[in-house]
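S.K.: My structure is stored as query.cif, with mmCIF, C-alpha atoms.
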data_data
loop_
_atom_site.label_atom_id
_atom_site.label_comp_id
_atom_site.auth_asym_id
_atom_site.auth_seq_id
_atom_site.Cartn_x
_atom_site.Cartn_y
_atom_site.Cartn_z
CA MET A 1 18.95 13.26 5.93
CA THR A 2 18.90 13.43 9.69
CA GLU A 3 21.26 11.29 11.75
CA THR A 4 18.65 10.97 14.48
CA TYR A 5 15.41 9.06 14.15
CA ASN A 6 12.54 7.50 16.09
CA PHE A 7 11.51 3.99 15.09
CA PHE A 8 8.36 2.32 16.39
CA ALA A 9 7.00 -0.78 14.64
CA PRO A 10 5.44 -3.00 17.29
CA THR A 11 3.75 -5.64 15.11
CA LYS A 12 4.65 -9.26 15.79
CA VAL A 13 5.36 -10.86 12.41
CA LEU A 14 5.26 -14.55 11.51
CA PHE A 15 7.21 -14.61 8.22
CA GLY A 16 7.87 -17.48 5.85
CA PRO A 17 6.32 -20.42 4.00
CA GLY A 18 3.90 -22.39 6.15
CA LYS A 19 3.52 -19.75 8.86
CA LEU A 20 -0.29 -19.64 8.58
CA ALA A 21 -0.34 -22.98 10.40
CA GLU A 22 1.02 -21.20 13.49
CA LEU A 23 -1.80 -18.65 13.74
CA GLY A 24 -4.00 -20.76 16.01
CA GLY A 25 -1.19 -21.14 18.53
CA GLN A 26 -0.73 -17.40 19.00
CA ALA A 27 -2.14 -15.26 21.80
CA LEU A 28 -4.87 -13.59 19.76
CA PRO A 29 -6.18 -10.21 20.96
CA GLY A 30 -9.81 -11.19 21.52
CA LYS A 31 -12.48 -13.88 21.62
CA LYS A 32 -14.52 -13.00 18.51
CA ALA A 33 -13.13 -11.81 15.20
CA LEU A 34 -14.68 -9.95 12.32
CA VAL A 35 -12.93 -11.66 9.40
CA VAL A 36 -12.60 -9.08 6.63
CA THR A 37 -11.88 -9.93 3.00
CA THR A 38 -12.89 -8.84 -0.50
CA GLY A 39 -16.04 -9.57 -2.43
CA GLY A 40 -14.01 -11.74 -4.79
CA LYS A 41 -13.69 -15.50 -4.84
CA SER A 42 -9.95 -16.15 -4.54
CA VAL A 43 -9.53 -16.52 -0.76
CA LYS A 44 -12.50 -18.89 -0.70
CA ALA A 45 -11.68 -20.85 -3.85
CA ASN A 46 -8.05 -21.32 -2.81
CA GLY A 47 -9.04 -22.48 0.66
CA TYR A 48 -7.37 -19.60 2.52
CA LEU A 49 -10.55 -18.48 4.28
CA ALA A 50 -11.27 -22.04 5.44
CA ARG A 51 -7.71 -22.38 6.73
CA VAL A 52 -7.95 -19.12 8.68
CA GLU A 53 -11.29 -20.14 10.15
CA GLU A 54 -9.77 -23.48 11.14
CA GLN A 55 -6.94 -21.66 12.95
CA LEU A 56 -9.43 -19.43 14.76
CA ASP A 57 -11.45 -22.49 15.80
CA ARG A 58 -8.24 -24.09 17.05
CA ALA A 59 -7.64 -21.00 19.20
CA GLY A 60 -11.20 -21.07 20.55
CA VAL A 61 -12.05 -17.78 18.85
CA GLY A 62 -15.49 -17.08 17.37
CA HIS A 63 -15.74 -15.36 14.00
CA VAL A 64 -18.12 -13.73 11.53
CA LEU A 65 -17.38 -12.81 7.92
CA PHE A 66 -17.44 -9.41 6.23
CA ASP A 67 -16.55 -10.00 2.55
CA ARG A 68 -17.24 -6.69 0.86
CA ILE A 69 -13.94 -4.75 0.55
CA GLU A 70 -13.28 -3.18 -2.88
CA PRO A 71 -9.90 -2.83 -4.67
CA ASN A 72 -9.92 0.79 -3.46
CA PRO A 73 -11.86 0.44 -0.17
CA LEU A 74 -14.76 2.85 0.03
CA ARG A 75 -15.91 5.01 2.90
CA ASP A 76 -19.42 3.49 3.00
CA THR A 77 -18.07 -0.06 3.02
CA VAL A 78 -15.65 0.67 5.85
CA ASN A 79 -18.43 2.28 7.85
CA ALA A 80 -20.68 -0.74 7.29
CA GLY A 81 -17.92 -3.09 8.43
CA GLY A 82 -17.29 -1.10 11.58
CA TRP A 83 -20.95 -1.09 12.52
CA MET A 84 -21.25 -4.83 11.82
CA ALA A 85 -18.33 -5.48 14.19
CA ARG A 86 -20.17 -3.53 16.91
CA GLU A 87 -23.49 -5.28 16.29
CA GLN A 88 -21.88 -8.72 16.30
CA GLY A 89 -19.86 -8.10 19.46
CA CYS A 90 -16.50 -8.59 17.76
CA ASP A 91 -13.53 -7.57 19.88
CA PHE A 92 -10.89 -7.70 17.14
CA VAL A 93 -10.60 -7.71 13.35
CA LEU A 94 -8.73 -10.21 11.18
CA ALA A 95 -7.83 -8.95 7.70
CA LEU A 96 -7.39 -11.72 5.12
CA GLY A 97 -6.17 -10.40 1.79
CA GLY A 98 -3.99 -7.75 0.26
CA GLY A 99 -3.44 -4.08 0.87
CA SER A 100 -7.02 -3.01 0.22
CA VAL A 101 -8.33 -5.46 2.80
CA MET A 102 -5.74 -4.44 5.40
CA ASP A 103 -6.32 -0.72 4.78
CA GLY A 104 -10.09 -1.17 4.91
CA SER A 105 -9.76 -3.23 8.08
CA LYS A 106 -7.83 -0.45 9.80
CA GLY A 107 -10.75 1.85 9.08
CA ILE A 108 -13.21 -0.77 10.33
CA CYS A 109 -11.23 -1.04 13.58
CA VAL A 110 -11.60 2.72 14.08
CA VAL A 111 -15.31 2.91 13.27
CA ALA A 112 -16.15 -0.09 15.47
CA ALA A 113 -14.64 1.58 18.54
CA ASN A 114 -15.65 5.18 17.80
CA PRO A 115 -19.37 5.56 17.07
CA GLY A 116 -20.78 8.88 16.01
CA HIS A 117 -23.67 10.86 17.47
CA ASP A 118 -26.58 12.69 15.88
CA GLU A 119 -27.63 16.25 16.74
CA ALA A 120 -29.72 14.97 19.66
CA GLY A 121 -26.70 13.17 21.12
CA ASN A 122 -27.92 9.69 20.23
CA GLU A 123 -25.30 7.11 19.28
CA VAL A 124 -25.25 6.34 15.56
CA ALA A 125 -22.91 4.51 13.24
CA GLY A 126 -19.50 6.15 13.12
CA ASP A 127 -18.03 7.70 9.99
CA ILE A 128 -14.41 7.01 9.04
CA TRP A 129 -14.32 10.39 7.24
CA ASP A 130 -14.14 11.98 10.68
CA TYR A 131 -10.64 10.52 11.05
CA VAL A 132 -8.99 10.38 7.63
CA MET A 133 -6.80 13.30 6.60
CA GLY A 134 -6.99 15.73 3.69
CA GLY A 135 -9.66 16.85 1.27
CA THR A 136 -13.11 17.21 2.82
CA ALA A 137 -12.33 14.81 5.69
CA LYS A 138 -12.23 16.14 9.25
CA GLY A 139 -8.88 14.65 10.28
CA LEU A 140 -9.92 14.39 13.93
CA PRO A 141 -7.83 12.54 16.52
CA ILE A 142 -9.08 9.01 17.17
CA PRO A 143 -10.55 9.23 20.70
CA ASN A 144 -11.03 5.55 21.56
CA ASP A 145 -8.46 2.87 20.86
CA PRO A 146 -9.41 1.02 17.65
CA LEU A 147 -10.19 -2.68 17.83
CA PRO A 148 -7.00 -4.77 17.66
CA LEU A 149 -6.04 -5.93 14.17
CA VAL A 150 -4.53 -9.21 12.97
CA CYS A 151 -3.41 -9.42 9.32
CA VAL A 152 -2.99 -12.48 7.12
CA THR A 153 -1.65 -11.09 3.87
CA THR A 154 -2.16 -12.90 0.58
CA THR A 155 -0.22 -10.47 -1.64
CA ALA A 156 3.15 -8.74 -1.79
CA GLY A 157 2.20 -5.14 -2.44
CA THR A 158 1.50 -2.57 0.22
CA GLY A 159 3.39 -3.39 3.41
CA SER A 160 0.21 -2.59 5.35
CA GLU A 161 0.82 -5.60 7.57
CA VAL A 162 3.51 -3.70 9.50
CA ASP A 163 2.61 -0.02 9.18
CA ALA A 164 0.08 2.24 10.88
CA GLY A 165 -1.68 3.75 7.89
CA GLY A 166 -4.12 3.05 5.12
CA VAL A 167 -5.70 4.71 2.11
CA LEU A 168 -9.48 4.95 1.75
CA SER A 169 -11.73 6.40 -0.95
CA CYS A 170 -14.95 8.35 -1.12
CA GLU A 171 -16.64 7.72 -4.45
CA GLU A 172 -19.07 10.61 -4.22
CA ARG A 173 -16.27 13.15 -3.72
CA ASP A 174 -13.54 11.67 -5.94
CA GLU A 175 -11.20 11.57 -2.94
CA LYS A 176 -8.59 9.00 -1.96
CA LEU A 177 -7.19 9.97 1.42
CA ARG A 178 -4.93 8.69 4.18
CA LEU A 179 -5.85 7.22 7.54
CA GLY A 180 -2.92 7.07 9.94
CA SER A 181 -2.24 6.75 13.64
CA PRO A 182 0.20 4.81 15.84
CA LYS A 183 -2.94 3.18 17.25
CA LEU A 184 -3.38 1.34 13.94
CA PHE A 185 -0.31 -0.90 13.91
CA PRO A 186 -1.51 -4.51 13.61
CA ARG A 187 -0.93 -6.58 16.73
CA LEU A 188 0.05 -9.66 14.71
CA SER A 189 0.71 -10.31 11.02
CA VAL A 190 1.22 -13.53 9.13
CA VAL A 191 3.27 -13.19 5.94
CA ASP A 192 3.12 -16.64 4.35
CA PRO A 193 4.39 -16.65 0.75
CA GLU A 194 2.56 -19.92 0.11
CA LEU A 195 -0.66 -17.87 0.08
CA MET A 196 0.79 -15.77 -2.75
CA LEU A 197 1.49 -18.64 -5.15
CA THR A 198 -1.98 -18.37 -6.68
CA VAL A 199 -1.86 -14.62 -7.46
CA PRO A 200 -2.16 -14.21 -11.27
CA ALA A 201 0.86 -12.82 -13.12
CA ARG A 202 -0.71 -9.45 -13.94
CA LEU A 203 -1.77 -8.80 -10.35
CA THR A 204 1.60 -10.02 -9.10
CA ALA A 205 3.23 -7.33 -11.23
CA PHE A 206 0.87 -4.58 -10.07
CA GLN A 207 1.42 -5.49 -6.43
CA GLY A 208 5.14 -6.15 -6.70
CA PHE A 209 5.87 -2.81 -8.34
CA ASP A 210 3.94 -1.10 -5.55
CA ALA A 211 6.25 -2.84 -3.06
CA LEU A 212 9.29 -1.73 -5.05
CA PHE A 213 8.08 1.87 -5.27
CA HIS A 214 7.48 2.11 -1.52
CA ASN A 215 11.16 1.43 -1.01
CA VAL A 216 12.24 3.67 -3.90
CA GLU A 217 10.17 6.66 -2.83
CA CYS A 218 11.05 6.39 0.85
CA TYR A 219 14.74 6.32 -0.19
CA ILE A 220 14.53 9.58 -2.16
CA ALA A 221 12.14 11.28 0.29
CA ASN A 222 13.42 14.49 1.83
CA ASN A 223 12.83 13.09 5.33
CA HIS A 224 14.76 9.83 4.88
CA THR A 225 16.79 8.52 7.80
CA LEU A 226 19.73 6.21 8.43
CA MET A 227 17.42 3.41 9.52
CA GLY A 228 15.13 3.95 6.56
CA ASP A 229 18.03 3.98 4.11
CA MET A 230 19.15 0.54 5.27
CA ILE A 231 15.63 -0.85 4.92
CA CYS A 232 14.95 0.76 1.53
CA ARG A 233 18.17 -0.45 -0.04
CA GLU A 234 17.40 -4.05 0.89
CA GLY A 235 13.83 -3.59 -0.27
CA VAL A 236 14.93 -2.30 -3.69
CA ARG A 237 17.48 -5.10 -4.04
CA ASN A 238 15.10 -7.90 -3.10
CA ALA A 239 12.15 -6.61 -5.11
CA THR A 240 14.25 -6.18 -8.25
CA ALA A 241 15.83 -9.62 -7.89
CA SER A 242 12.51 -11.44 -7.48
CA LEU A 243 9.72 -9.56 -9.24
CA ALA A 244 10.15 -10.83 -12.81
CA ALA A 245 10.62 -14.40 -11.54
CA CYS A 246 7.33 -14.18 -9.62
CA VAL A 247 5.49 -12.78 -12.64
CA ASN A 248 6.86 -15.34 -15.08
CA ASP A 249 6.75 -18.37 -12.75
CA GLY A 250 4.16 -17.83 -10.06
CA ALA A 251 4.98 -21.17 -8.41
CA ASN A 252 8.55 -20.08 -7.64
CA LEU A 253 8.34 -20.10 -3.85
CA GLU A 254 11.86 -18.75 -3.33
CA ALA A 255 11.10 -15.72 -5.49
CA ARG A 256 7.71 -15.26 -3.84
CA THR A 257 9.43 -15.26 -0.45
CA ARG A 258 11.96 -12.62 -1.48
CA LEU A 259 9.24 -10.41 -2.94
CA ALA A 260 7.17 -10.82 0.23
CA PHE A 261 10.24 -9.76 2.24
CA ALA A 262 10.71 -6.69 0.02
CA ASN A 263 7.06 -5.85 0.54
CA THR A 264 7.29 -6.05 4.32
CA LEU A 265 10.44 -3.95 4.20
CA GLY A 266 8.44 -1.37 2.26
CA GLY A 267 6.02 -1.18 5.17
CA TYR A 268 8.88 -0.52 7.55
CA ALA A 269 10.25 2.05 5.08
CA MET A 270 7.02 4.00 5.35
CA VAL A 271 7.34 3.92 9.14
CA CYS A 272 10.76 5.57 8.75
CA SER A 273 9.94 8.27 6.20
CA GLY A 274 7.15 8.30 3.63
CA CYS A 275 6.17 7.95 0.00
CA CYS A 276 6.34 10.90 -2.37
CA GLY A 277 4.40 12.62 -5.12
CA CYS A 278 4.42 9.58 -7.38
CA HIS A 279 2.08 7.89 -4.91
CA GLY A 280 0.17 11.15 -4.45
CA THR A 281 -0.35 11.45 -8.20
CA GLU A 282 -1.64 7.89 -8.45
CA HIS A 283 -4.09 8.54 -5.63
CA GLY A 284 -5.50 11.33 -7.77
CA MET A 285 -5.85 8.90 -10.68
CA SER A 286 -7.67 6.18 -8.76
CA ALA A 287 -9.79 8.72 -6.89
CA HIS A 288 -11.34 9.48 -10.30
CA HIS A 289 -11.27 5.83 -11.46
CA HIS A 290 -11.90 3.48 -8.55
CA ASP A 291 -11.35 0.32 -10.59
CA LEU A 292 -7.74 1.31 -11.38
CA PRO A 293 -5.35 -0.94 -9.43
CA HIS A 294 -2.96 1.20 -7.43
CA GLY A 295 0.12 -0.62 -8.70
CA ALA A 296 -0.96 -0.26 -12.33
CA GLY A 297 -1.28 3.48 -11.89
CA LEU A 298 2.17 3.68 -10.34
CA ILE A 299 3.73 1.66 -13.14
CA MET A 300 2.30 4.03 -15.74
CA ILE A 301 3.62 7.24 -14.18
CA ALA A 302 6.85 6.12 -12.45
CA ARG A 303 9.21 6.62 -15.39
CA ALA A 304 8.08 10.20 -16.00
CA TYR A 305 8.02 11.06 -12.30
CA HIS A 306 11.54 9.81 -11.63
CA GLN A 307 12.91 11.26 -14.87
CA HIS A 308 11.59 14.64 -13.75
CA MET A 309 13.42 14.33 -10.43
CA ILE A 310 16.58 13.30 -12.28
CA ASP A 311 16.25 16.19 -14.75
CA VAL A 312 16.14 18.70 -11.88
CA HIS A 313 19.01 16.87 -10.10
CA ALA A 314 16.95 16.38 -6.95
CA CYS A 315 19.07 13.52 -5.57
CA ASP A 316 21.33 12.10 -8.28
CA ASP A 317 23.47 10.12 -5.84
CA ARG A 318 20.47 8.17 -4.59
CA TYR A 319 19.29 7.31 -8.08
CA VAL A 320 22.80 6.11 -8.97
CA ASP A 321 22.87 3.98 -5.83
CA MET A 322 19.51 2.40 -6.69
CA ALA A 323 20.65 1.73 -10.26
CA ARG A 324 23.53 -0.29 -8.81
CA LEU A 325 21.19 -2.16 -6.48
CA MET A 326 19.03 -3.01 -9.48
CA GLY A 327 22.00 -4.45 -11.38
CA ALA A 328 23.12 -1.63 -13.67
CA PRO A 329 26.66 -2.16 -15.04
CA GLU A 330 29.17 0.51 -14.07
CA ALA A 331 29.62 1.39 -17.74
CA ASP A 332 25.94 2.28 -17.99
CA ILE A 333 26.13 4.39 -14.85
CA GLU A 334 29.19 6.23 -16.16
CA ALA A 335 27.42 6.90 -19.45
CA ARG A 336 23.92 7.67 -18.15
CA GLY A 337 24.42 8.86 -14.59
CA ALA A 338 21.24 8.98 -12.55
CA SER A 339 19.18 8.10 -15.64
CA ALA A 340 20.59 4.57 -15.37
CA PHE A 341 17.93 4.09 -12.69
CA VAL A 342 15.16 4.76 -15.21
CA ASP A 343 16.87 2.38 -17.64
CA GLN A 344 16.79 -0.37 -15.01
CA LEU A 345 13.19 0.41 -14.17
CA GLU A 346 12.14 0.21 -17.80
CA GLY A 347 13.99 -3.09 -18.20
CA LEU A 348 12.18 -4.54 -15.20
CA MET A 349 8.83 -3.37 -16.58
CA ARG A 350 9.58 -5.07 -19.90
CA ALA A 351 10.61 -8.27 -18.13
CA CYS A 352 7.25 -8.26 -16.32
CA GLY A 353 5.18 -7.36 -19.41
CA MET A 354 4.23 -3.99 -17.94
CA ALA A 355 6.02 -1.53 -20.23
CA GLU A 356 2.97 -0.78 -22.39
CA LEU A 357 0.23 -0.29 -19.81
CA ALA A 358 -2.19 2.39 -21.03
CA MET A 359 -4.30 4.76 -18.93
CA SER A 360 -7.00 4.51 -21.57
CA GLU A 361 -7.49 0.86 -20.55
CA TRP A 362 -9.13 2.20 -17.38
CA GLY A 363 -11.02 5.00 -19.12
CA ILE A 364 -8.63 7.82 -18.25
CA THR A 365 -8.79 10.50 -20.93
CA ARG A 366 -6.15 13.07 -21.73
CA ASP A 367 -8.62 15.89 -21.13
CA GLU A 368 -9.02 15.00 -17.44
CA LEU A 369 -5.30 14.95 -16.60
CA PRO A 370 -5.16 18.57 -15.32
CA ALA A 371 -8.11 17.85 -12.99
CA ILE A 372 -6.40 14.68 -11.74
CA ALA A 373 -3.22 16.65 -11.05
CA ALA A 374 -5.11 19.34 -9.15
CA ASN A 375 -7.03 16.72 -7.15
CA ALA A 376 -3.85 14.86 -6.27
CA LEU A 377 -2.05 17.94 -5.00
CA SER A 378 -5.02 19.25 -3.03
CA THR A 379 -5.84 15.97 -1.27
CA ASN A 380 -2.39 14.39 -0.81
CA ASP A 381 -0.23 17.33 0.18
CA ALA A 382 1.58 15.25 2.82
CA LEU A 383 2.93 12.90 0.15
CA PHE A 384 4.02 15.72 -2.14
CA GLY A 385 5.65 17.31 0.88
CA HIS A 386 8.14 14.41 0.90
CA ASP A 387 9.33 15.05 -2.68
CA PRO A 388 13.07 15.69 -3.03
CA ALA A 389 12.15 18.65 -5.27
CA PRO A 390 8.79 20.45 -5.17
CA LEU A 391 6.14 19.72 -7.80
CA SER A 392 3.65 22.27 -9.13
CA VAL A 393 0.29 21.52 -10.72
CA ASP A 394 1.94 22.09 -14.10
CA ASP A 395 4.71 19.62 -13.21
CA VAL A 396 2.25 16.91 -12.17
CA THR A 397 0.15 17.52 -15.26
CA ALA A 398 3.26 17.20 -17.42
CA ILE A 399 4.17 13.90 -15.71
CA LEU A 400 0.70 12.57 -16.40
CA GLU A 401 0.74 13.74 -20.00
CA ALA A 402 4.15 12.16 -20.61
CA SER A 403 2.73 8.89 -19.21
CA TRP A 404 -0.61 8.89 -21.03
CA HIS A 405 -1.49 6.68 -23.94
#
Could you rewrite the structure in this file as structure tokens?
M.R.:
Amino acid sequence: MTETYNFFAPTKVLFGPGKLAELGGQALPGKKALVVTTGGKSVKANGYLARVEEQLDRAGVGHVLFDRIEPNPLRDTVNAGGWMAREQGCDFVLALGGGSVMDGSKGICVVAANPGHDEAGNEVAGDIWDYVMGGTAKGLPIPNDPLPLVCVTTTAGTGSEVDAGGVLSCEERDEKLRLGSPKLFPRLSVVDPELMLTVPARLTAFQGFDALFHNVECYIANNHTLMGDMICREGVRNATASLAACVNDGANLEARTRLAFANTLGGYAMVCSGCCGCHGTEHGMSAHHHDLPHGAGLIMIARAYHQHMIDVHACDDRYVDMARLMGAPEADIEARGASAFVDQLEGLMRACGMAELAMSEWGITRDELPAIAANALSTNDALFGHDPAPLSVDDVTAILEASWH
């Protein structure tokens, strides 16, 4: 750990039940919004899209809808959204949804402001793969400032409402890569737990464990800081205290609020340090299987990943500290040491009905695990670079094999 740090998280956040009603009274960053959401029905059926449009109308802001984002947002979809924003004259983007929508919207903001050119120098639709990092992507600096972004989050999962990164996929190349730049911090985010009351139990668990793991991984990361430690510890504590209650009683607004807080803290945690190889491994899984929810993949591999780090004594004191934050009795810690963390994690998974998730449910076969491991390490080296102990291809394959059923 370093005792010095830089912290920059400029997003204005409206946090708490009922905060969506304040959106129309804010100084929004433009006069016409591209409203981005998924191709699903939930934000429309639950009235969230209509409420957002009402707030934009109240603010005198025009808007057009782009409702095509996938659970793992795809390169082609992001490119199409960016070009639509240009064609429609939109001067900012409003993301309405969960992490996939916010991540995809960050890419749309880049493409809309940074068109490409053909060999003759003519302007053509931009390609987000010019700016994402890793794999076959070009990783170029973003020349023009992206369109401003406003987020209205409907889930507690990724923390994307307060960070400057996103994860995008290319189906043709089996790649799931990172987009990141300080230019991508949202200008304004609304975190209203009332919008999360309708999330089904299974999705609540997938998303909530992702929020927990952001805080966990940033706490054990080899570049953690004093500021990040403070954030991560509160994130772990709040996520653990609220996750099972949200899964088992989705209408529990107090629990939903605490989980939403843990999620936003996870976004700040990633500003301070970064996630580790557990996230990198999952990106390899969902790069091969685009319908795999990110949180589900993390749940399936987390026990084996963290047990590996405990077995090699990468950061025993931090695992013991997290076990205490998660409620482990001192007797268990004395008997089990750092492994008490895995005990607490397994207990939380059981309480949320997640202990028996199977990779085979999403078509992942045992034969492809070595290829997934190799893909993960080759395309997400930045995440593996944060691990408290280095992982080889054999190590990642072993983690996947220990998790497979």
S.K.: Given the file shown, determine the residues that the PyMOL selection byres ((chain A and resi 87-98) around 7) selects; report them as a short mmCIF file (atom, residue, chain, number, x, y, z; two decimals) with C-alpha atoms, keeping the file's coordinate frame.
M.R.:
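Written file, out-v9.cif:
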data_model
loop_
_atom_site.label_atom_id
_atom_site.label_comp_id
_atom_site.auth_asym_id
_atom_site.auth_seq_id
_atom_site.Cartn_x
_atom_site.Cartn_y
_atom_site.Cartn_z
CA PRO A 29 -6.18 -10.21 20.96
CA GLY A 30 -9.81 -11.19 21.52
CA LYS A 31 -12.48 -13.88 21.62
CA LYS A 32 -14.52 -13.00 18.51
CA ALA A 33 -13.13 -11.81 15.20
CA LEU A 34 -14.68 -9.95 12.32
CA VAL A 35 -12.93 -11.66 9.40
CA VAL A 36 -12.60 -9.08 6.63
CA THR A 37 -11.88 -9.93 3.00
CA TRP A 83 -20.95 -1.09 12.52
CA MET A 84 -21.25 -4.83 11.82
CA ALA A 85 -18.33 -5.48 14.19
CA ARG A 86 -20.17 -3.53 16.91
CA GLY A 99 -3.44 -4.08 0.87
CA SER A 100 -7.02 -3.01 0.22
CA VAL A 101 -8.33 -5.46 2.80
CA MET A 102 -5.74 -4.44 5.40
CA SER A 105 -9.76 -3.23 8.08
CA CYS A 109 -11.23 -1.04 13.58
CA LEU A 147 -10.19 -2.68 17.83
CA PRO A 148 -7.00 -4.77 17.66
CA LEU A 149 -6.04 -5.93 14.17
CA VAL A 150 -4.53 -9.21 12.97
CA CYS A 151 -3.41 -9.42 9.32
CA VAL A 152 -2.99 -12.48 7.12
CA THR A 153 -1.65 -11.09 3.87
CA THR A 154 -2.16 -12.90 0.58
CA THR A 155 -0.22 -10.47 -1.64
#
S.K.: Choose the residue, out of A:Pro388, A:Pro146, A:Gly297, A:Pro17, that has the smallest atom-to-atom separation from Ala358 in chain A; count all atoms listed in the file.
M.R.: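 Nearest candidate to Ala358 in chain A out of A:Pro388, A:Pro146, A:Gly297, A:Pro17: A:Gly297.
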S.K.: Excluding range 245-259 of chain A and its own-chain neighbours fewer than 2 positions away, which residues fall within 10 Å of it when counting only C-alpha atoms? Please give them as a PyMOL selection string.
M.R.: chain A and resi 15-17+155-157+191-209+211-212+235-243+261-265+351-353
S.K.: Evaluate the PyMOL selection byres ((chain A and resi 115) around 9) and record the selected residues as a short mmCIF file (atom, residue, chain, number, x, y, z; two decimals) with C-alpha atoms, keeping the file's coordinate frame, following the chain and residue labels used in the document.
M.R.:
data_model
loop_
_atom_site.label_atom_id
_atom_site.label_comp_id
_atom_site.auth_asym_id
_atom_site.auth_seq_id
_atom_site.Cartn_x
_atom_site.Cartn_y
_atom_site.Cartn_z
CA GLY A 82 -17.29 -1.10 11.58
CA TRP A 83 -20.95 -1.09 12.52
CA VAL A 110 -11.60 2.72 14.08
CA VAL A 111 -15.31 2.91 13.27
CA ALA A 112 -16.15 -0.09 15.47
CA ALA A 113 -14.64 1.58 18.54
CA ASN A 114 -15.65 5.18 17.80
CA GLY A 116 -20.78 8.88 16.01
CA HIS A 117 -23.67 10.86 17.47
CA GLU A 123 -25.30 7.11 19.28
CA VAL A 124 -25.25 6.34 15.56
CA ALA A 125 -22.91 4.51 13.24
CA GLY A 126 -19.50 6.15 13.12
CA ASP A 127 -18.03 7.70 9.99
#
S.K.: Carefully work through the PyMOL selection byres ((chain A and resi 128-136) around 9) for this structure and note down the residues it includes, as a VMD selection string.
M.R.: chain A and resid 75 to 76 78 to 79 82 107 to 108 110 to 111 126 to 127 137 to 142 167 to 168 170 173 175 to 180 375 378 to 382
S.K.: To one decimal place, how far is CA of Ala304 in chain A from CA of Asn72 in chain A in Å?
M.R.: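 So the answer is 23.9 Å.
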S.K.: Which residue, A:Asp210, A:Asp174, A:Glu346, A:Asp57, has the smallest gap to Ser160 in chain A when you use all atoms listed in the file?
M.R.: A:Asp210
S.K.: Could you check how far CA of Ile333 in chain A sits from CA of Asp317 in chain A, in Å to one decimal?
M.R.: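 According to the coordinates, CA of Ile333 in chain A and CA of Asp317 in chain A are separated by 11.0 Å.
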S.K.: Can you pull out every residue within 12 Å of Asp291 in chain A, counting only C-alpha atoms, but drop anything in the same chain fewer than 4 positions away, and send it as a short mmCIF file (atom, residue, chain, number, x, y, z; two decimals) with C-alpha atoms, in the frame of the given file?
M.R.:
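After the write, selection.cif holds the following:
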data_model
loop_
_atom_site.label_atom_id
_atom_site.label_comp_id
_atom_site.auth_asym_id
_atom_site.auth_seq_id
_atom_site.Cartn_x
_atom_site.Cartn_y
_atom_site.Cartn_z
CA GLU A 70 -13.28 -3.18 -2.88
CA PRO A 71 -9.90 -2.83 -4.67
CA ASN A 72 -9.92 0.79 -3.46
CA PRO A 73 -11.86 0.44 -0.17
CA LEU A 74 -14.76 2.85 0.03
CA SER A 169 -11.73 6.40 -0.95
CA GLU A 171 -16.64 7.72 -4.45
CA MET A 285 -5.85 8.90 -10.68
CA SER A 286 -7.67 6.18 -8.76
CA ALA A 287 -9.79 8.72 -6.89
CA GLY A 295 0.12 -0.62 -8.70
CA ALA A 296 -0.96 -0.26 -12.33
CA GLY A 297 -1.28 3.48 -11.89
CA MET A 359 -4.30 4.76 -18.93
CA GLU A 361 -7.49 0.86 -20.55
CA TRP A 362 -9.13 2.20 -17.38
CA GLY A 363 -11.02 5.00 -19.12
CA ILE A 364 -8.63 7.82 -18.25
#
S.K.: Record the distance separating CA of Thr38 in chain A and CA of Glu172 in chain A, expressed in Å with one decimal.
M.R.: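 Spanning CA of Thr38 in chain A to CA of Glu172 in chain A is a straight-line distance of 20.7 Å.
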S.K.: Ranking A:His283, A:His224, A:Lys41, A:Lys19 by minimum distance to Asp387 in chain A and counting all atoms listed in the file, which one comes first?
M.R.: A:His224
S.K.: I need the residue nearest Arg187 in chain A from this list: A:Val13, A:Cys272, A:Ala59, A:Ile372. Use only C-alpha atoms for the distance.
M.R.: A:Val13
S.K.: Which residue, A:Val396, A:Ala45, A:Ile310, A:Leu14, has the smallest gap to Gly337 in chain A when you use only C-alpha atoms?
M.R.: A:Ile310
S.K.: Tell me, as a list in words, which residues lie within 9 Å of Gly40 in chain A, counting all atoms listed in the file; anything in the same chain fewer than 5 positions away does not count.
M.R.: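 Skipping anything fewer than 5 positions along the chain leaves Asp67, Arg68, Ile69 and Glu70 of chain A.
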S.K.: Restricting the calculation to only C-alpha atoms: of A:Ala260, A:Ala164, A:Leu298, A:Leu377, which residue gets closest to Cys278 in chain A?
M.R.: A:Leu298
